[in-house]
file my_file14.cif (mmCIF, C-alpha atoms and all ligand atoms)
data_my_file
loop_
_atom_site.label_atom_id
_atom_site.label_comp_id
_atom_site.auth_asym_id
_atom_site.auth_seq_id
_atom_site.Cartn_x
_atom_site.Cartn_y
_atom_site.Cartn_z
CA MET R 1 0.00 0.00 0.00
CA ASN R 2 1.54 3.35 -0.94
CA ASN R 3 1.79 6.30 1.45
CA SER R 4 -1.06 8.21 -0.19
CA VAL R 5 -3.51 5.31 0.23
CA LYS R 6 -2.38 4.98 3.87
CA PHE R 7 -2.85 8.73 4.37
CA TRP R 8 -6.40 8.77 2.97
CA ASP R 9 -7.37 5.59 4.82
CA LYS R 10 -6.17 7.13 8.08
CA THR R 11 -7.91 10.43 7.33
CA ALA R 12 -11.27 9.02 6.16
CA GLU R 13 -13.19 9.12 9.44
CA ASN R 14 -12.03 12.63 10.26
CA TYR R 15 -12.62 13.78 6.65
CA SER R 16 -16.23 12.61 6.83
CA GLN R 17 -16.81 14.76 9.95
CA GLN R 18 -15.32 17.97 8.50
CA PRO R 19 -17.78 20.73 7.66
CA ILE R 20 -17.63 22.04 4.08
CA ALA R 21 -15.14 24.93 4.07
CA ASP R 22 -17.19 27.23 1.81
CA GLU R 23 -20.81 26.08 1.71
CA ALA R 24 -21.93 28.77 -0.76
CA ALA R 25 -19.21 27.81 -3.25
CA TYR R 26 -20.02 24.10 -2.82
CA GLN R 27 -23.72 24.74 -3.50
CA LYS R 28 -22.88 26.77 -6.59
CA LYS R 29 -20.69 23.94 -7.95
CA LEU R 30 -23.48 21.40 -7.31
CA GLN R 31 -25.96 23.63 -9.10
CA VAL R 32 -23.71 24.21 -12.12
CA THR R 33 -22.99 20.46 -12.36
CA ARG R 34 -26.67 19.60 -12.16
CA GLU R 35 -27.39 21.77 -15.19
CA TYR R 36 -25.46 19.21 -17.26
CA PHE R 37 -27.42 16.21 -15.91
CA LYS R 38 -30.31 14.36 -17.52
CA PRO R 39 -32.24 11.52 -15.81
CA ASP R 40 -30.91 8.84 -18.20
CA MET R 41 -27.22 9.67 -17.71
CA SER R 42 -24.37 7.43 -16.55
CA VAL R 43 -21.83 9.21 -14.38
CA LEU R 44 -18.38 8.28 -13.10
CA GLU R 45 -16.91 9.96 -10.04
CA PHE R 46 -13.26 9.17 -9.29
CA GLY R 47 -11.72 10.04 -5.92
CA CYS R 48 -15.27 10.14 -4.53
CA GLY R 49 -14.07 10.24 -0.91
CA THR R 50 -16.91 9.61 1.53
CA GLY R 51 -19.49 9.91 -1.24
CA SER R 52 -21.19 13.16 -0.17
CA THR R 53 -21.29 14.71 -3.64
CA ALA R 54 -22.33 11.49 -5.42
CA ILE R 55 -25.16 11.07 -2.90
CA VAL R 56 -26.43 14.62 -3.52
CA HIS R 57 -26.33 14.17 -7.31
CA ALA R 58 -27.74 10.62 -7.45
CA PRO R 59 -31.44 11.57 -7.71
CA TYR R 60 -30.74 13.56 -10.90
CA VAL R 61 -29.12 10.78 -12.99
CA LYS R 62 -29.61 7.10 -13.82
CA HIS R 63 -26.44 5.70 -12.26
CA ILE R 64 -23.21 6.84 -10.64
CA ARG R 65 -20.13 4.61 -10.51
CA ALA R 66 -18.09 6.11 -7.68
CA ILE R 67 -14.52 4.94 -7.13
CA ASP R 68 -11.82 5.75 -4.60
CA PHE R 69 -8.58 3.96 -3.74
CA SER R 70 -9.19 4.23 0.01
CA SER R 71 -11.19 1.32 1.40
CA ASN R 72 -12.10 3.37 4.49
CA MET R 73 -13.53 6.18 2.33
CA ILE R 74 -15.59 3.64 0.36
CA LYS R 75 -16.86 1.98 3.54
CA ILE R 76 -18.11 5.31 4.91
CA ALA R 77 -19.61 6.25 1.52
CA ARG R 78 -21.55 2.97 1.30
CA GLY R 79 -22.90 3.48 4.83
CA LYS R 80 -24.03 7.04 4.06
CA ALA R 81 -25.79 6.01 0.82
CA GLU R 82 -27.52 3.14 2.60
CA ALA R 83 -28.68 5.42 5.42
CA LYS R 84 -30.19 7.77 2.84
CA ASN R 85 -31.74 4.95 0.85
CA ILE R 86 -29.83 5.87 -2.29
CA ASN R 87 -29.41 2.80 -4.48
CA ASN R 88 -28.24 4.06 -7.87
CA ILE R 89 -24.60 4.52 -6.83
CA THR R 90 -22.05 1.71 -7.07
CA PHE R 91 -19.13 2.46 -4.75
CA GLU R 92 -15.88 0.59 -5.49
CA GLN R 93 -12.40 0.62 -4.06
CA LEU R 94 -10.39 1.27 -7.24
CA THR R 95 -7.81 3.70 -8.56
CA ILE R 96 -8.63 5.82 -11.58
CA GLU R 97 -5.46 4.43 -13.15
CA GLU R 98 -6.73 0.83 -12.81
CA LEU R 99 -10.27 1.51 -13.99
CA THR R 100 -10.96 -0.27 -17.29
CA VAL R 101 -14.08 0.63 -19.24
CA ALA R 102 -14.96 0.85 -22.91
CA ASP R 103 -14.45 4.16 -24.70
CA GLU R 104 -17.49 6.48 -24.71
CA THR R 105 -19.12 4.90 -21.64
CA PHE R 106 -20.04 7.93 -19.49
CA ASP R 107 -22.07 11.10 -20.03
CA VAL R 108 -20.40 12.94 -17.16
CA VAL R 109 -17.16 12.33 -15.23
CA LEU R 110 -16.58 14.06 -11.89
CA GLY R 111 -13.05 14.52 -10.54
CA LEU R 112 -13.40 16.76 -7.49
CA GLY R 113 -10.43 17.65 -5.32
CA ILE R 114 -8.26 15.02 -6.96
CA LEU R 115 -6.33 16.11 -10.08
CA HIS R 116 -3.62 17.74 -7.91
CA LEU R 117 -3.23 14.43 -6.05
CA LEU R 118 -2.34 12.37 -9.12
CA GLU R 119 1.12 11.30 -10.21
CA ASN R 120 -0.04 11.26 -13.83
CA LYS R 121 -2.62 14.01 -14.29
CA LYS R 122 -2.17 14.28 -18.07
CA GLU R 123 -2.73 10.53 -18.64
CA VAL R 124 -5.80 10.57 -16.42
CA ILE R 125 -7.26 13.57 -18.29
CA SER R 126 -6.73 11.72 -21.61
CA LYS R 127 -8.37 8.62 -20.18
CA VAL R 128 -11.37 10.67 -19.02
CA HIS R 129 -11.65 12.15 -22.53
CA LYS R 130 -11.68 8.63 -24.03
CA ILE R 131 -14.31 7.19 -21.70
CA LEU R 132 -16.68 10.14 -22.13
CA LYS R 133 -19.34 10.00 -24.81
CA PRO R 134 -19.15 12.71 -27.49
CA GLY R 135 -20.70 15.84 -25.99
CA GLY R 136 -19.97 14.52 -22.48
CA VAL R 137 -18.45 16.68 -19.76
CA PHE R 138 -15.63 16.40 -17.24
CA VAL R 139 -16.39 18.38 -14.07
CA THR R 140 -13.32 19.20 -11.98
CA SER R 141 -12.51 21.18 -8.89
CA THR R 142 -8.76 21.40 -8.38
CA ALA R 143 -6.35 23.15 -6.03
CA CYS R 144 -3.92 24.91 -8.36
CA LEU R 145 -1.10 25.48 -5.89
CA GLY R 146 1.21 26.91 -8.55
CA ASP R 147 -0.92 30.09 -8.44
CA THR R 148 -0.79 30.64 -4.66
CA MET R 149 1.75 28.33 -2.99
CA LYS R 150 4.66 27.65 -5.36
CA TRP R 151 6.97 27.28 -2.34
CA PHE R 152 5.07 24.13 -1.33
CA LYS R 153 6.77 22.13 -4.09
CA GLY R 154 10.09 22.18 -2.21
CA ILE R 155 8.79 20.61 0.99
CA ALA R 156 6.03 18.37 -0.36
CA SER R 157 8.24 15.32 -0.97
CA ILE R 158 9.46 15.34 2.67
CA GLY R 159 5.87 15.48 3.95
CA VAL R 160 4.87 12.60 1.65
CA PHE R 161 7.89 10.55 2.76
CA LEU R 162 6.96 11.07 6.43
CA GLY R 163 3.32 10.17 5.73
CA LEU R 164 2.18 13.63 6.92
CA ILE R 165 0.56 14.56 3.61
CA PRO R 166 -0.58 12.67 0.54
CA LEU R 167 1.14 13.11 -2.81
CA VAL R 168 0.36 16.67 -3.94
CA LYS R 169 1.38 18.13 -7.29
CA VAL R 170 1.94 21.85 -7.82
CA PHE R 171 0.68 23.41 -11.05
CA THR R 172 -1.14 26.55 -12.19
CA ARG R 173 -4.70 26.99 -13.43
CA LYS R 174 -3.29 27.81 -16.87
CA GLU R 175 -1.31 24.55 -16.92
CA LEU R 176 -4.43 22.58 -15.98
CA GLU R 177 -6.49 24.28 -18.67
CA ASN R 178 -3.78 23.56 -21.23
CA ASN R 179 -3.75 19.86 -20.22
CA LEU R 180 -7.53 19.73 -20.76
CA ILE R 181 -7.33 21.48 -24.12
CA ASP R 182 -4.39 19.29 -25.25
CA ALA R 183 -6.50 16.20 -24.46
CA GLY R 184 -9.22 17.49 -26.80
CA PHE R 185 -11.58 19.26 -24.38
CA THR R 186 -13.01 22.74 -24.69
CA ILE R 187 -13.57 24.74 -21.50
CA ASP R 188 -17.34 25.09 -21.20
CA TYR R 189 -17.48 26.69 -17.75
CA HIS R 190 -14.83 28.10 -15.48
CA TRP R 191 -15.09 29.61 -12.00
CA GLN R 192 -12.65 30.45 -9.24
CA PRO R 193 -14.26 31.22 -5.87
CA ASN R 194 -12.77 34.30 -4.17
CA LYS R 195 -12.39 32.66 -0.80
CA SER R 196 -9.61 30.19 -0.03
CA THR R 197 -10.73 26.91 1.48
CA ARG R 198 -7.95 27.19 4.09
CA LYS R 199 -6.64 30.02 6.25
CA GLY R 200 -3.03 31.01 6.97
CA VAL R 201 -0.19 29.92 4.71
CA PHE R 202 -2.18 27.06 3.17
CA LYS R 203 -4.23 29.05 0.71
CA LEU R 204 -6.06 26.42 -1.31
CA LYS R 205 -8.08 28.07 -4.01
CA GLY R 206 -10.04 25.52 -5.97
CA VAL R 207 -10.53 26.10 -9.67
CA PHE R 208 -13.86 24.73 -10.87
CA ILE R 209 -13.96 23.77 -14.56
CA VAL R 210 -16.46 22.00 -16.77
CA ALA R 211 -14.61 20.68 -19.83
CA LYS R 212 -16.57 19.40 -22.81
CA LYS R 213 -15.71 16.64 -25.28
CA ALA R 214 -16.70 17.66 -28.80
C1 LIG Q 1 -9.31 15.55 -1.29
S1 LIG Q 1 -10.20 14.03 -1.31
C2 LIG Q 1 -11.61 14.54 -2.24
C3 LIG Q 1 -12.80 13.67 -1.96
C4 LIG Q 1 -14.10 14.13 -2.65
N1 LIG Q 1 -13.98 14.09 -4.10
C5 LIG Q 1 -14.47 15.51 -2.19
O1 LIG Q 1 -14.53 16.42 -3.04
O2 LIG Q 1 -14.71 15.68 -0.98
C6 LIG Q 1 -9.32 13.07 -2.49
C7 LIG Q 1 -9.81 11.65 -2.60
O3 LIG Q 1 -9.21 11.06 -3.74
C8 LIG Q 1 -8.82 9.73 -3.43
N2 LIG Q 1 -7.73 9.39 -4.38
C9 LIG Q 1 -6.52 9.98 -4.49
N3 LIG Q 1 -5.82 9.47 -5.53
C10 LIG Q 1 -6.63 8.54 -6.11
C11 LIG Q 1 -6.50 7.68 -7.24
N4 LIG Q 1 -5.37 7.67 -7.96
N5 LIG Q 1 -7.53 6.88 -7.58
C12 LIG Q 1 -8.68 6.87 -6.83
N6 LIG Q 1 -8.86 7.65 -5.74
C13 LIG Q 1 -7.86 8.49 -5.38
C14 LIG Q 1 -8.45 9.78 -1.96
O4 LIG Q 1 -8.54 8.52 -1.35
C15 LIG Q 1 -9.48 10.77 -1.42
O5 LIG Q 1 -10.65 10.12 -0.97
#

call {"tool": "encode", "arguments": {"input": "my_file14.cif", "output": "structure tokens"}}
result
Amino acid sequence: MNNSVKFWDKTAENYSQQPIADEAAYQKKLQVTREYFKPDMSVLEFGCGTGSTAIVHAPYVKHIRAIDFSSNMIKIARGKAEAKNINNITFEQLTIEELTVADETFDVVLGLGILHLLENKKEVISKVHKILKPGGVFVTSTACLGDTMKWFKGIASIGVFLGLIPLVKVFTRKELENNLIDAGFTIDYHWQPNKSTRKGVFKLKGVFIVAKKA
């Protein structure tokens, strides 16, 4: 098990208890996402965490396949969906890298709070493009640390080695947008909330993007 999986497994219970840092921004992102949904749609969410967002969106689509590499996250997510009587989500412990599905399977792919945690962001973005149907959308919310915390790059590897933080990659919003465009997406919607989701030196500003496959 790599250090990032260990980190997220250890964090899962605490993560599920944390209040949403910026409720207004979260609600706006849910609302914007929902405008792309239709009742017959198949959705993939990767890095679904404890399933909160999938559970909120589930009534608006046909099915959500929600994956996360942390077994503890998935366990909590399954419990929450069961408690709310939501039965059109399939939660699975799986990495996005290991996921194998036919091309053009999903109408919408959600990758929320995860692209900056991937070793291989570009490959994952290309994979998402492949598995989306034509006209499908990739909804992302990503901490672009290269815009606010470039210094973090220098110390990140020590924190990962010590198991204090998960793998975190530092890149700018522009770099992320270029990766999406290079993979064949067009940027359909873009929003950066004013407020950081953290105080002090850790200024995590999430960039919310809806990228469309032609
Ligand atoms: C910051 S949390 C975000 C959770 C949720 N999407 C949210 O917005 O609250 C990142 C999640 O991604 C998962 N994760 C990180 N890398 C992953 C990978 N390569 N494949 C699948 N899940 C991954 C972690 O286990 C964790 O639950």

call {"tool": "closest_atom_pairs", "arguments": {"input": "my_file14.cif", "of": "range 91-182 of chain R", "to": "range 43-50 of chain R", "cutoff": "10 Å", "atoms": "all atoms listed in the file", "output": "Markdown table"}}
result
| residue | atom | partner | partner_atom | distance |
| --- | --- | --- | --- | --- |
| R:Phe91 | CA | R:Cys48 | CA | 8.6 |
| R:Glu92 | CA | R:Cys48 | CA | 9.6 |
| R:Gln93 | CA | R:Gly47 | CA | 9.6 |
| R:Leu94 | CA | R:Phe46 | CA | 8.7 |
| R:Thr95 | CA | R:Phe46 | CA | 7.8 |
| R:Ile96 | CA | R:Phe46 | CA | 6.2 |
| R:Glu97 | CA | R:Phe46 | CA | 9.9 |
| R:Leu99 | CA | R:Phe46 | CA | 9.5 |
| R:Thr105 | CA | R:Val43 | CA | 8.9 |
| R:Phe106 | CA | R:Val43 | CA | 5.6 |
| R:Asp107 | CA | R:Val43 | CA | 6.0 |
| R:Val108 | CA | R:Val43 | CA | 4.9 |
| R:Val109 | CA | R:Leu44 | CA | 4.7 |
| R:Leu110 | CA | R:Glu45 | CA | 4.5 |
| R:Gly111 | CA | R:Phe46 | CA | 5.5 |
| R:Leu112 | CA | R:Gly47 | CA | 7.1 |
| R:Gly113 | CA | R:Gly47 | CA | 7.7 |
| R:Ile114 | CA | R:Gly47 | CA | 6.2 |
| R:Leu115 | CA | R:Gly47 | CA | 9.1 |
| R:Leu117 | CA | R:Gly47 | CA | 9.6 |
| R:Val128 | CA | R:Leu44 | CA | 9.5 |
| R:Ile131 | CA | R:Leu44 | CA | 9.6 |
| R:Leu132 | CA | R:Val43 | CA | 9.4 |
| R:Gly136 | CA | R:Val43 | CA | 9.9 |
| R:Val137 | CA | R:Val43 | CA | 9.8 |
| R:Phe138 | CA | R:Leu44 | CA | 9.5 |
| R:Val139 | CA | R:Glu45 | CA | 9.3 |

call {"tool": "closest_residue", "arguments": {"input": "my_file14.cif", "among": "R:Gly146, R:Ile89, R:Lys122, R:Asp40", "to": "Ile64 in chain R", "atoms": "only C-alpha atoms"}}
result
R:Ile89

call {"tool": "residues_near_point", "arguments": {"input": "my_file14.cif", "point": "(-16.7, 4.3, 2.5)", "cutoff": "9 Å", "atoms": "all atoms listed in the file", "output": "list in words"}}
result
Ala12, Gly49, Thr50, Gly51, Asp68, Ser70, Ser71, Asn72, Met73, Ile74, Lys75, Ile76, Ala77, Arg78, Gly79, Lys80, Phe91, Glu92 and Gln93 of chain R

call {"tool": "residues_around", "arguments": {"input": "my_file14.cif", "residues": "Asn88 in chain R", "least_positions_apart": "2", "cutoff": "10 Å", "atoms": "all atoms listed in the file", "output": "compact mmCIF listing (two decimals) with C-alpha atoms, keeping the file's coordinate frame"}}
result
# COMPACT_ATOMS: atom_id res chain seq x y z
CA ALA R 54 -22.33 11.49 -5.42
CA ILE R 55 -25.16 11.07 -2.90
CA ALA R 58 -27.74 10.62 -7.45
CA PRO R 59 -31.44 11.57 -7.71
CA VAL R 61 -29.12 10.78 -12.99
CA LYS R 62 -29.61 7.10 -13.82
CA HIS R 63 -26.44 5.70 -12.26
CA ILE R 64 -23.21 6.84 -10.64
CA ARG R 65 -20.13 4.61 -10.51
CA ALA R 81 -25.79 6.01 0.82
CA ASN R 85 -31.74 4.95 0.85
CA ILE R 86 -29.83 5.87 -2.29
CA THR R 90 -22.05 1.71 -7.07
CA PHE R 91 -19.13 2.46 -4.75

call {"tool": "atom_distance", "arguments": {"input": "my_file14.cif", "atom1": "CA of Asp182 in chain R", "atom2": "CA of Ile125 in chain R"}}
result
9.5 Å

call {"tool": "closest_residue", "arguments": {"input": "my_file14.cif", "among": "R:Lys84, R:Lys6, R:Lys212, R:Arg34", "to": "Asp188 in chain R", "atoms": "all atoms listed in the file"}}
result
R:Lys212

call {"tool": "closest_residue", "arguments": {"input": "my_file14.cif", "among": "R:Asp147, R:Glu123, R:Glu104, R:Asp22", "to": "Gly135 in chain R", "atoms": "all atoms listed in the file"}}
result
R:Glu104

call {"tool": "closest_residue", "arguments": {"input": "my_file14.cif", "among": "R:Thr172, R:Asn120, R:Thr33, R:Thr148", "to": "ligand LIG 1 (chain Q)", "atoms": "all atoms listed in the file"}}
result
R:Asn120

call {"tool": "atom_distance", "arguments": {"input": "my_file14.cif", "atom1": "CA of Val168 in chain R", "atom2": "CA of Thr186 in chain R"}}
result
25.4 Å

call {"tool": "decode", "arguments": {"input": "my_file14.cif", "residues": "range 90-174 of chain R", "atoms": "C-alpha atoms", "output": "mmCIF file, in the first residue's frame"}}
result
data_model
loop_
_atom_site.group_PDB
_atom_site.id
_atom_site.type_symbol
_atom_site.label_atom_id
_atom_site.label_comp_id
_atom_site.auth_asym_id
_atom_site.auth_seq_id
_atom_site.Cartn_x
_atom_site.Cartn_y
_atom_site.Cartn_z
ATOM 1 C CA THR R 90 -22.049 1.709 -7.065
ATOM 2 C CA PHE R 91 -19.125 2.461 -4.746
ATOM 3 C CA GLU R 92 -15.883 0.594 -5.487
ATOM 4 C CA GLN R 93 -12.400 0.618 -4.062
ATOM 5 C CA LEU R 94 -10.392 1.267 -7.235
ATOM 6 C CA THR R 95 -7.814 3.697 -8.559
ATOM 7 C CA ILE R 96 -8.635 5.823 -11.576
ATOM 8 C CA GLU R 97 -5.459 4.434 -13.154
ATOM 9 C CA GLU R 98 -6.730 0.827 -12.810
ATOM 10 C CA LEU R 99 -10.269 1.507 -13.991
ATOM 11 C CA THR R 100 -10.956 -0.267 -17.287
ATOM 12 C CA VAL R 101 -14.080 0.635 -19.236
ATOM 13 C CA ALA R 102 -14.961 0.853 -22.908
ATOM 14 C CA ASP R 103 -14.448 4.156 -24.701
ATOM 15 C CA GLU R 104 -17.485 6.482 -24.713
ATOM 16 C CA THR R 105 -19.120 4.904 -21.643
ATOM 17 C CA PHE R 106 -20.036 7.929 -19.491
ATOM 18 C CA ASP R 107 -22.071 11.101 -20.031
ATOM 19 C CA VAL R 108 -20.396 12.945 -17.157
ATOM 20 C CA VAL R 109 -17.161 12.332 -15.229
ATOM 21 C CA LEU R 110 -16.582 14.064 -11.892
ATOM 22 C CA GLY R 111 -13.045 14.519 -10.537
ATOM 23 C CA LEU R 112 -13.398 16.761 -7.490
ATOM 24 C CA GLY R 113 -10.428 17.653 -5.323
ATOM 25 C CA ILE R 114 -8.262 15.017 -6.961
ATOM 26 C CA LEU R 115 -6.329 16.106 -10.077
ATOM 27 C CA HIS R 116 -3.617 17.736 -7.912
ATOM 28 C CA LEU R 117 -3.233 14.427 -6.048
ATOM 29 C CA LEU R 118 -2.340 12.373 -9.116
ATOM 30 C CA GLU R 119 1.122 11.299 -10.207
ATOM 31 C CA ASN R 120 -0.038 11.258 -13.829
ATOM 32 C CA LYS R 121 -2.620 14.013 -14.293
ATOM 33 C CA LYS R 122 -2.171 14.277 -18.075
ATOM 34 C CA GLU R 123 -2.733 10.533 -18.645
ATOM 35 C CA VAL R 124 -5.802 10.566 -16.424
ATOM 36 C CA ILE R 125 -7.258 13.568 -18.287
ATOM 37 C CA SER R 126 -6.731 11.724 -21.611
ATOM 38 C CA LYS R 127 -8.374 8.623 -20.181
ATOM 39 C CA VAL R 128 -11.370 10.672 -19.021
ATOM 40 C CA HIS R 129 -11.648 12.149 -22.532
ATOM 41 C CA LYS R 130 -11.682 8.629 -24.028
ATOM 42 C CA ILE R 131 -14.312 7.193 -21.697
ATOM 43 C CA LEU R 132 -16.677 10.143 -22.128
ATOM 44 C CA LYS R 133 -19.341 9.999 -24.805
ATOM 45 C CA PRO R 134 -19.154 12.706 -27.495
ATOM 46 C CA GLY R 135 -20.699 15.841 -25.988
ATOM 47 C CA GLY R 136 -19.973 14.516 -22.480
ATOM 48 C CA VAL R 137 -18.446 16.683 -19.762
ATOM 49 C CA PHE R 138 -15.633 16.400 -17.239
ATOM 50 C CA VAL R 139 -16.387 18.379 -14.071
ATOM 51 C CA THR R 140 -13.316 19.198 -11.982
ATOM 52 C CA SER R 141 -12.510 21.181 -8.889
ATOM 53 C CA THR R 142 -8.764 21.404 -8.379
ATOM 54 C CA ALA R 143 -6.351 23.149 -6.025
ATOM 55 C CA CYS R 144 -3.922 24.909 -8.360
ATOM 56 C CA LEU R 145 -1.098 25.475 -5.887
ATOM 57 C CA GLY R 146 1.206 26.908 -8.551
ATOM 58 C CA ASP R 147 -0.920 30.087 -8.445
ATOM 59 C CA THR R 148 -0.788 30.640 -4.661
ATOM 60 C CA MET R 149 1.754 28.327 -2.992
ATOM 61 C CA LYS R 150 4.657 27.653 -5.361
ATOM 62 C CA TRP R 151 6.974 27.277 -2.337
ATOM 63 C CA PHE R 152 5.074 24.131 -1.332
ATOM 64 C CA LYS R 153 6.773 22.130 -4.093
ATOM 65 C CA GLY R 154 10.086 22.183 -2.212
ATOM 66 C CA ILE R 155 8.789 20.610 0.994
ATOM 67 C CA ALA R 156 6.034 18.367 -0.363
ATOM 68 C CA SER R 157 8.239 15.320 -0.965
ATOM 69 C CA ILE R 158 9.456 15.336 2.673
ATOM 70 C CA GLY R 159 5.866 15.483 3.946
ATOM 71 C CA VAL R 160 4.873 12.595 1.652
ATOM 72 C CA PHE R 161 7.887 10.547 2.761
ATOM 73 C CA LEU R 162 6.962 11.070 6.431
ATOM 74 C CA GLY R 163 3.320 10.172 5.730
ATOM 75 C CA LEU R 164 2.180 13.629 6.922
ATOM 76 C CA ILE R 165 0.559 14.560 3.613
ATOM 77 C CA PRO R 166 -0.584 12.673 0.540
ATOM 78 C CA LEU R 167 1.139 13.105 -2.814
ATOM 79 C CA VAL R 168 0.360 16.674 -3.943
ATOM 80 C CA LYS R 169 1.376 18.134 -7.288
ATOM 81 C CA VAL R 170 1.938 21.854 -7.817
ATOM 82 C CA PHE R 171 0.676 23.414 -11.055
ATOM 83 C CA THR R 172 -1.137 26.547 -12.185
ATOM 84 C CA ARG R 173 -4.695 26.989 -13.427
ATOM 85 C CA LYS R 174 -3.287 27.814 -16.866
#
